[in-house]
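Q: Provided below: model.pdb, containing PDB, C-alpha atoms, pLDDT in the B column.
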```pdb
MODEL        1
ATOM      1  CA  MET A  11      18.321  73.438 -61.987  1.00 35.00           C
ATOM      2  CA  LYS A  12      21.995  72.655 -61.552  1.00 35.00           C
ATOM      3  CA  HIS A  13      23.259  69.384 -62.945  1.00 34.00           C
ATOM      4  CA  LYS A  14      25.737  67.348 -60.955  1.00 35.00           C
ATOM      5  CA  ARG A  15      29.045  66.916 -62.657  1.00 34.00           C
ATOM      6  CA  PRO A  16      29.725  63.227 -63.332  1.00 34.00           C
ATOM      7  CA  ASN A  17      32.264  61.566 -61.107  1.00 37.00           C
ATOM      8  CA  PRO A  18      35.031  60.293 -63.412  1.00 33.00           C
ATOM      9  CA  ALA A  19      35.669  57.391 -61.034  1.00 35.00           C
ATOM     10  CA  SER A  20      32.122  56.146 -61.603  1.00 34.00           C
ATOM     11  CA  GLN A  21      32.334  56.215 -65.386  1.00 34.00           C
ATOM     12  CA  SER A  22      32.898  53.017 -67.355  1.00 33.00           C
ATOM     13  CA  THR A  23      36.267  52.787 -69.069  1.00 33.00           C
ATOM     14  CA  THR A  24      34.719  50.689 -71.875  1.00 32.00           C
ATOM     15  CA  PRO A  25      34.107  52.874 -74.926  1.00 36.00           C
ATOM     16  CA  ALA A  26      30.516  53.021 -76.110  1.00 38.00           C
ATOM     17  CA  ARG A  27      29.779  51.167 -79.339  1.00 36.00           C
ATOM     18  CA  ASN A  28      29.314  53.459 -82.274  1.00 42.00           C
ATOM     19  CA  PRO A  29      26.626  51.866 -84.496  1.00 42.00           C
ATOM     20  CA  ALA A  30      28.031  53.567 -87.577  1.00 41.00           C
ATOM     21  CA  VAL A  31      31.450  52.079 -86.916  1.00 39.00           C
ATOM     22  CA  GLY A  32      29.908  48.653 -86.342  1.00 43.00           C
ATOM     23  CA  ASP A  33      27.986  48.844 -89.610  1.00 49.00           C
ATOM     24  CA  ALA A  34      31.123  49.863 -91.486  1.00 46.00           C
ATOM     25  CA  GLU A  35      33.073  46.956 -90.000  1.00 47.00           C
ATOM     26  CA  GLU A  36      30.313  44.504 -90.934  1.00 52.00           C
ATOM     27  CA  ALA A  37      30.179  45.869 -94.489  1.00 53.00           C
ATOM     28  CA  THR A  38      33.849  45.044 -95.061  1.00 58.00           C
ATOM     29  CA  ALA A  39      34.059  41.815 -93.036  1.00 74.00           C
ATOM     30  CA  ARG A  40      33.798  38.406 -94.650  1.00 81.00           C
ATOM     31  CA  PRO A  41      30.149  37.318 -94.262  1.00 90.00           C
ATOM     32  CA  ARG A  42      29.609  34.354 -91.983  1.00 94.00           C
ATOM     33  CA  ILE A  43      26.955  31.682 -92.151  1.00 97.00           C
ATOM     34  CA  ILE A  44      24.895  31.960 -88.993  1.00 97.00           C
ATOM     35  CA  GLY A  45      23.177  28.605 -88.589  1.00 97.00           C
ATOM     36  CA  GLY A  46      22.943  25.047 -89.832  1.00 97.00           C
ATOM     37  CA  LYS A  47      25.553  22.675 -91.247  1.00 97.00           C
ATOM     38  CA  PHE A  48      27.997  25.423 -92.231  1.00 98.00           C
ATOM     39  CA  ARG A  49      27.531  27.558 -89.137  1.00 97.00           C
ATOM     40  CA  HIS A  50      30.435  29.967 -88.491  1.00 95.00           C
ATOM     41  CA  ARG A  51      31.964  29.379 -91.935  1.00 96.00           C
ATOM     42  CA  ARG A  52      33.180  32.592 -93.561  1.00 95.00           C
ATOM     43  CA  LEU A  53      32.527  33.338 -97.222  1.00 95.00           C
ATOM     44  CA  ILE A  54      35.108  34.670 -99.666  1.00 90.00           C
ATOM     45  CA  TYR A  55      34.199  38.309-100.180  1.00 83.00           C
ATOM     46  CA  ALA A  56      35.713  41.297-101.952  1.00 78.00           C
ATOM     47  CA  PRO A  57      33.866  44.468-100.813  1.00 74.00           C
ATOM     48  CA  ASN A  58      32.760  46.591-103.755  1.00 65.00           C
ATOM     49  CA  LEU A  59      30.115  49.073-104.836  1.00 60.00           C
ATOM     50  CA  HIS A  60      28.063  46.324-106.481  1.00 61.00           C
ATOM     51  CA  THR A  61      27.105  44.521-103.260  1.00 65.00           C
ATOM     52  CA  ARG A  62      25.059  45.494-100.197  1.00 66.00           C
ATOM     53  CA  PRO A  63      25.017  42.443 -97.945  1.00 77.00           C
ATOM     54  CA  MET A  64      21.972  41.959 -95.736  1.00 91.00           C
ATOM     55  CA  LYS A  65      23.164  42.577 -92.189  1.00 92.00           C
ATOM     56  CA  ASP A  66      23.815  39.478 -90.095  1.00 94.00           C
ATOM     57  CA  ARG A  67      21.171  40.398 -87.526  1.00 95.00           C
ATOM     58  CA  VAL A  68      18.541  40.828 -90.230  1.00 97.00           C
ATOM     59  CA  ARG A  69      19.494  37.587 -91.968  1.00 97.00           C
ATOM     60  CA  GLU A  70      19.328  35.725 -88.669  1.00 97.00           C
ATOM     61  CA  ALA A  71      15.898  37.222 -87.901  1.00 97.00           C
ATOM     62  CA  VAL A  72      14.581  36.314 -91.357  1.00 98.00           C
ATOM     63  CA  PHE A  73      15.663  32.685 -91.091  1.00 98.00           C
ATOM     64  CA  ASN A  74      14.220  32.480 -87.596  1.00 97.00           C
ATOM     65  CA  LEU A  75      10.883  33.588 -89.047  1.00 97.00           C
ATOM     66  CA  ILE A  76      11.091  31.059 -91.877  1.00 97.00           C
ATOM     67  CA  GLY A  77      12.167  28.302 -89.490  1.00 97.00           C
ATOM     68  CA  PRO A  78      12.197  24.692 -90.695  1.00 97.00           C
ATOM     69  CA  ALA A  79      10.219  25.636 -93.811  1.00 98.00           C
ATOM     70  CA  VAL A  80      13.575  26.186 -95.553  1.00 98.00           C
ATOM     71  CA  GLU A  81      14.237  22.443 -95.596  1.00 98.00           C
ATOM     72  CA  GLY A  82      13.923  20.877 -99.026  1.00 97.00           C
ATOM     73  CA  LYS A  83      13.236  24.139-100.818  1.00 98.00           C
ATOM     74  CA  HIS A  84      15.179  25.547-103.737  1.00 98.00           C
ATOM     75  CA  VAL A  85      16.674  28.941-102.869  1.00 98.00           C
ATOM     76  CA  ILE A  86      16.630  31.659-105.523  1.00 98.00           C
ATOM     77  CA  ASP A  87      18.983  34.435-104.436  1.00 98.00           C
ATOM     78  CA  LEU A  88      18.289  37.465-106.636  1.00 98.00           C
ATOM     79  CA  PHE A  89      20.849  40.303-106.665  1.00 96.00           C
ATOM     80  CA  ALA A  90      22.932  37.684-104.866  1.00 96.00           C
ATOM     81  CA  GLY A  91      26.018  39.745-104.032  1.00 93.00           C
ATOM     82  CA  THR A  92      27.967  37.695-101.496  1.00 92.00           C
ATOM     83  CA  GLY A  93      25.518  34.814-101.851  1.00 96.00           C
ATOM     84  CA  ALA A  94      25.108  34.759 -98.064  1.00 96.00           C
ATOM     85  CA  LEU A  95      21.328  34.297 -98.259  1.00 98.00           C
ATOM     86  CA  GLY A  96      21.550  31.371-100.631  1.00 98.00           C
ATOM     87  CA  PHE A  97      24.357  29.679 -98.721  1.00 98.00           C
ATOM     88  CA  GLU A  98      22.523  30.244 -95.437  1.00 98.00           C
ATOM     89  CA  GLY A  99      19.571  28.429 -96.969  1.00 98.00           C
ATOM     90  CA  LEU A 100      21.754  25.527 -98.106  1.00 98.00           C
ATOM     91  CA  SER A 101      23.321  25.354 -94.657  1.00 98.00           C
ATOM     92  CA  ARG A 102      19.858  25.035 -93.126  1.00 98.00           C
ATOM     93  CA  GLY A 103      18.635  22.241 -95.356  1.00 98.00           C
ATOM     94  CA  ALA A 104      17.630  23.713 -98.716  1.00 98.00           C
ATOM     95  CA  ALA A 105      17.887  21.218-101.573  1.00 97.00           C
ATOM     96  CA  GLY A 106      19.659  23.563-103.997  1.00 98.00           C
ATOM     97  CA  ALA A 107      20.218  27.192-104.897  1.00 98.00           C
ATOM     98  CA  THR A 108      20.178  29.528-107.879  1.00 98.00           C
ATOM     99  CA  PHE A 109      22.198  32.738-107.622  1.00 98.00           C
ATOM    100  CA  VAL A 110      21.762  35.687-109.985  1.00 98.00           C
ATOM    101  CA  ASP A 111      24.096  38.697-109.990  1.00 96.00           C
ATOM    102  CA  ARG A 112      25.139  40.938-112.862  1.00 94.00           C
ATOM    103  CA  HIS A 113      28.670  41.587-111.539  1.00 93.00           C
ATOM    104  CA  PHE A 114      30.840  38.903-113.126  1.00 94.00           C
ATOM    105  CA  PRO A 115      33.653  38.945-110.492  1.00 93.00           C
ATOM    106  CA  THR A 116      31.022  38.594-107.758  1.00 94.00           C
ATOM    107  CA  ALA A 117      29.432  35.659-109.580  1.00 96.00           C
ATOM    108  CA  ASP A 118      32.875  34.019-109.719  1.00 96.00           C
ATOM    109  CA  LEU A 119      33.251  34.428-105.954  1.00 96.00           C
ATOM    110  CA  ILE A 120      29.883  32.716-105.450  1.00 97.00           C
ATOM    111  CA  ARG A 121      31.152  29.762-107.474  1.00 98.00           C
ATOM    112  CA  GLN A 122      34.328  29.699-105.361  1.00 97.00           C
ATOM    113  CA  ASN A 123      32.283  29.674-102.170  1.00 98.00           C
ATOM    114  CA  ALA A 124      30.092  26.878-103.504  1.00 98.00           C
ATOM    115  CA  ALA A 125      33.215  24.829-104.202  1.00 98.00           C
ATOM    116  CA  ALA A 126      34.709  25.602-100.785  1.00 97.00           C
ATOM    117  CA  LEU A 127      31.498  24.476 -99.065  1.00 98.00           C
ATOM    118  CA  GLU A 128      31.337  21.409-101.330  1.00 98.00           C
ATOM    119  CA  VAL A 129      27.853  22.247-102.637  1.00 98.00           C
ATOM    120  CA  ALA A 130      28.810  23.168-106.214  1.00 98.00           C
ATOM    121  CA  GLU A 131      26.721  20.331-107.631  1.00 97.00           C
ATOM    122  CA  ARG A 132      23.606  21.852-106.039  1.00 97.00           C
ATOM    123  CA  VAL A 133      24.302  25.415-107.145  1.00 98.00           C
ATOM    124  CA  THR A 134      23.627  27.304-110.374  1.00 97.00           C
ATOM    125  CA  VAL A 135      25.086  30.792-110.854  1.00 98.00           C
ATOM    126  CA  TYR A 136      23.786  33.209-113.495  1.00 97.00           C
ATOM    127  CA  PRO A 137      26.056  36.238-114.112  1.00 97.00           C
ATOM    128  CA  ALA A 138      23.221  38.382-115.449  1.00 96.00           C
ATOM    129  CA  ASN A 139      21.142  41.489-114.901  1.00 96.00           C
ATOM    130  CA  VAL A 140      18.341  40.133-112.702  1.00 96.00           C
ATOM    131  CA  LEU A 141      15.662  42.328-114.262  1.00 95.00           C
ATOM    132  CA  LEU A 142      16.568  41.140-117.775  1.00 95.00           C
ATOM    133  CA  TRP A 143      17.132  37.550-116.644  1.00 95.00           C
ATOM    134  CA  SER A 144      13.561  37.302-115.398  1.00 93.00           C
ATOM    135  CA  ARG A 145      12.126  38.311-118.777  1.00 90.00           C
ATOM    136  CA  ARG A 146      13.499  35.101-120.266  1.00 91.00           C
ATOM    137  CA  LEU A 147      13.168  33.011-117.164  1.00 92.00           C
ATOM    138  CA  PRO A 148      15.317  29.877-117.494  1.00 92.00           C
ATOM    139  CA  PRO A 149      14.016  26.509-116.332  1.00 90.00           C
ATOM    140  CA  LEU A 150      13.966  26.431-112.536  1.00 92.00           C
ATOM    141  CA  PRO A 151      13.373  23.392-110.326  1.00 90.00           C
ATOM    142  CA  ALA A 152       9.639  22.707-110.115  1.00 87.00           C
ATOM    143  CA  ALA A 153       9.817  19.573-107.976  1.00 87.00           C
ATOM    144  CA  ALA A 154      10.616  21.604-104.869  1.00 93.00           C
ATOM    145  CA  ALA A 155       8.992  24.776-103.607  1.00 98.00           C
ATOM    146  CA  TRP A 156      11.116  27.912-103.846  1.00 98.00           C
ATOM    147  CA  LEU A 157      12.551  30.230-101.243  1.00 98.00           C
ATOM    148  CA  VAL A 158      13.059  33.498-103.137  1.00 98.00           C
ATOM    149  CA  PHE A 159      15.162  36.358-101.761  1.00 98.00           C
ATOM    150  CA  CYS A 160      14.978  39.833-103.282  1.00 98.00           C
ATOM    151  CA  SER A 161      17.531  41.981-101.469  1.00 96.00           C
ATOM    152  CA  PRO A 162      19.027  44.415-103.997  1.00 94.00           C
ATOM    153  CA  PRO A 163      20.697  47.785-103.441  1.00 93.00           C
ATOM    154  CA  TRP A 164      17.747  49.762-102.111  1.00 94.00           C
ATOM    155  CA  ASP A 165      18.037  52.513-104.730  1.00 95.00           C
ATOM    156  CA  ILE A 166      16.681  50.021-107.262  1.00 95.00           C
ATOM    157  CA  TYR A 167      13.278  50.178-105.592  1.00 96.00           C
ATOM    158  CA  VAL A 168      13.248  53.919-106.276  1.00 95.00           C
ATOM    159  CA  GLU A 169      14.870  54.002-109.705  1.00 96.00           C
ATOM    160  CA  GLN A 170      13.338  50.840-111.203  1.00 96.00           C
ATOM    161  CA  SER A 171      10.299  50.142-109.050  1.00 96.00           C
ATOM    162  CA  GLU A 172       8.090  48.954-111.897  1.00 96.00           C
ATOM    163  CA  ALA A 173      10.736  46.526-113.141  1.00 96.00           C
ATOM    164  CA  VAL A 174      11.280  45.042-109.656  1.00 97.00           C
ATOM    165  CA  LEU A 175       7.544  44.581-109.179  1.00 97.00           C
ATOM    166  CA  GLY A 176       7.403  42.886-112.577  1.00 97.00           C
ATOM    167  CA  LEU A 177      10.255  40.589-111.542  1.00 97.00           C
ATOM    168  CA  LEU A 178       8.425  39.529-108.393  1.00 98.00           C
ATOM    169  CA  GLN A 179       5.141  39.019-110.248  1.00 97.00           C
ATOM    170  CA  THR A 180       6.857  36.837-112.857  1.00 96.00           C
ATOM    171  CA  LEU A 181       8.398  34.608-110.215  1.00 97.00           C
ATOM    172  CA  LEU A 182       5.135  34.429-108.266  1.00 97.00           C
ATOM    173  CA  ASP A 183       3.359  33.329-111.438  1.00 96.00           C
ATOM    174  CA  HIS A 184       5.840  30.470-111.936  1.00 96.00           C
ATOM    175  CA  ALA A 185       6.508  29.476-108.323  1.00 97.00           C
ATOM    176  CA  PRO A 186       5.415  26.007-107.149  1.00 96.00           C
ATOM    177  CA  ALA A 187       2.890  25.768-104.326  1.00 95.00           C
ATOM    178  CA  ALA A 188       4.238  26.398-100.807  1.00 97.00           C
ATOM    179  CA  SER A 189       6.970  28.744-102.075  1.00 98.00           C
ATOM    180  CA  ILE A 190       8.177  31.585 -99.841  1.00 98.00           C
ATOM    181  CA  PHE A 191       9.206  35.078-100.949  1.00 98.00           C
ATOM    182  CA  VAL A 192      11.369  37.462 -98.905  1.00 98.00           C
ATOM    183  CA  VAL A 193      11.774  41.112 -99.916  1.00 98.00           C
ATOM    184  CA  GLU A 194      14.169  43.484 -98.138  1.00 98.00           C
ATOM    185  CA  ALA A 195      13.897  47.222 -98.775  1.00 97.00           C
ATOM    186  CA  ASP A 196      13.966  50.487 -96.862  1.00 96.00           C
ATOM    187  CA  GLU A 197      11.248  53.010 -96.016  1.00 96.00           C
ATOM    188  CA  ARG A 198      11.337  54.623 -99.460  1.00 96.00           C
ATOM    189  CA  PHE A 199       9.621  51.590-101.002  1.00 96.00           C
ATOM    190  CA  ASP A 200       5.859  51.272-100.585  1.00 96.00           C
ATOM    191  CA  LEU A 201       5.312  47.616 -99.667  1.00 95.00           C
ATOM    192  CA  GLY A 202       1.658  48.081-100.525  1.00 95.00           C
ATOM    193  CA  LEU A 203       2.709  47.932-104.176  1.00 97.00           C
ATOM    194  CA  LEU A 204       3.879  44.327-103.856  1.00 97.00           C
ATOM    195  CA  PRO A 205       1.860  41.642-105.654  1.00 97.00           C
ATOM    196  CA  ARG A 206      -0.860  40.122-103.456  1.00 96.00           C
ATOM    197  CA  PRO A 207      -0.931  43.127-101.095  1.00 93.00           C
ATOM    198  CA  GLY A 208      -2.136  42.442 -97.592  1.00 93.00           C
ATOM    199  CA  GLU A 209      -0.731  38.895 -97.577  1.00 97.00           C
ATOM    200  CA  TRP A 210       2.835  39.807 -96.631  1.00 98.00           C
ATOM    201  CA  MET A 211       4.177  39.606 -93.085  1.00 98.00           C
ATOM    202  CA  VAL A 212       6.183  42.776 -92.476  1.00 98.00           C
ATOM    203  CA  ARG A 213       8.965  43.243 -89.931  1.00 98.00           C
ATOM    204  CA  GLU A 214      11.185  46.275 -89.376  1.00 97.00           C
ATOM    205  CA  TYR A 215      14.896  46.089 -88.598  1.00 97.00           C
ATOM    206  CA  PRO A 216      15.852  49.765 -89.102  1.00 96.00           C
ATOM    207  CA  PRO A 217      16.838  50.891 -91.581  1.00 96.00           C
ATOM    208  CA  ALA A 218      15.704  47.665 -93.283  1.00 97.00           C
ATOM    209  CA  ILE A 219      12.105  46.580 -93.772  1.00 97.00           C
ATOM    210  CA  VAL A 220      11.447  42.928 -94.565  1.00 98.00           C
ATOM    211  CA  ALA A 221       8.285  41.476 -96.105  1.00 98.00           C
ATOM    212  CA  ILE A 222       7.659  37.716 -96.227  1.00 98.00           C
ATOM    213  CA  LEU A 223       5.003  35.935 -98.269  1.00 98.00           C
ATOM    214  CA  GLY A 224       4.274  32.246 -97.887  1.00 94.00           C
TER
ENDMDL
END
```
Rewrite the coordinates I just gave you, this time as structure tokens.

A:
Amino acid sequence: MKHKRPNPASQSTTPARNPAVGDAEEATARPRIIGGKFRHRRLIYAPNLHTRPMKDRVREAVFNLIGPAVEGKHVIDLFAGTGALGFEGLSRGAAGATFVDRHFPTADLIRQNAAALEVAERVTVYPANVLLWSRRLPPLPAAAAWLVFCSPPWDIYVEQSEAVLGLLQTLLDHAPAASIFVVEADERFDLGLLPRPGEWMVREYPPAIVAILG
């Protein structure tokens, strides 16, 4: 069968979006807060190999799933990177936030963002290896339920799976009632290994997979 040659006059002059290009642009752009009090505010960000920000569309979807349950909770942003998850939570009504990231310059940027958003008094930043930090878990607010985000570089789930699972179990053991846990990984991680298997709500936002408990 012969195929008709496209008529150039009928072709759109708008170039098609290349997803790879879009992802690259997002990876280097200053993260923005999507909803709540600080909506549209941009965070100070220095792209580096130590951070892998959750994509805006995934973060928006996650907070839509959590809904008003974020209000009054204490956010614990593990492998915090840009801190976008924690600051998004504060923007949407969380009472406070704890950020943990082993990269000292990144931790400093989180403090700068907290100051710029005028929430420094509600923020604690730990410049520490998250997996070691959890072994000597510091006092965390017990008066409010937690909203825990675990969104590390995905290779960690492959290279240190047992340690990550131990981290999550430790926090689950200490979490106040009504706490919510959010885990973001990719297809290489078996979500069936998570503590309390079968209780997680799973959503796919390729290449990301998100599991929510609570």

Q: With only C-alpha atoms as the atoms that count, which of A:Gly176, A:Pro216, A:Gly224, A:Pro151 lies nearest to His84 of chain A?

A: A:Pro151

Q: Excluding Glu81 of chain A and residues on its chain fewer than 2 positions from it, collect all residues at most 7 Å away from it, counting only C-alpha atoms, and give them as a VMD selection string.

A: chain A and resid 78 to 79 83 102 to 104

Q: Can you list what the PyMOL selection byres ((chain A and resi 43-60) around 8) grabs from this structure, as a list in words?

A: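 Checked against the file, the PyMOL selection byres ((chain A and resi 43-60) around 8) matches Ala37, Thr38, Ala39, Arg40, Pro41, Arg42, Thr61, Arg62, Asp66, Glu70, Gly91, Thr92, Ala94, Phe97, Glu98, Ser101, Arg102, Gly103, His113, Thr116, Leu119, Gln122, Asn123 and Leu127 of chain A.
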
Q: Measure the distance from atom CA of Thr108 of chain A to atom CA of Ala221 of chain A in Å and round it to one decimal.

A: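 Computed distance, atom CA of Thr108 of chain A to atom CA of Ala221 of chain A, equals 20.6 Å.
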
Q: For Trp143 of chain A, which residue out of A:Ala107, A:Val192, A:Leu88, A:Ile120 is the nearest one, using only C-alpha atoms?

A: A:Leu88

Q: Determine the residue set returned by the PyMOL selection byres ((chain A and resi 184) around 12) for the present structure, and present it as a PyMOL selection string.

A: chain A and resi 144+147-152+155-156+158+177-183+185-189
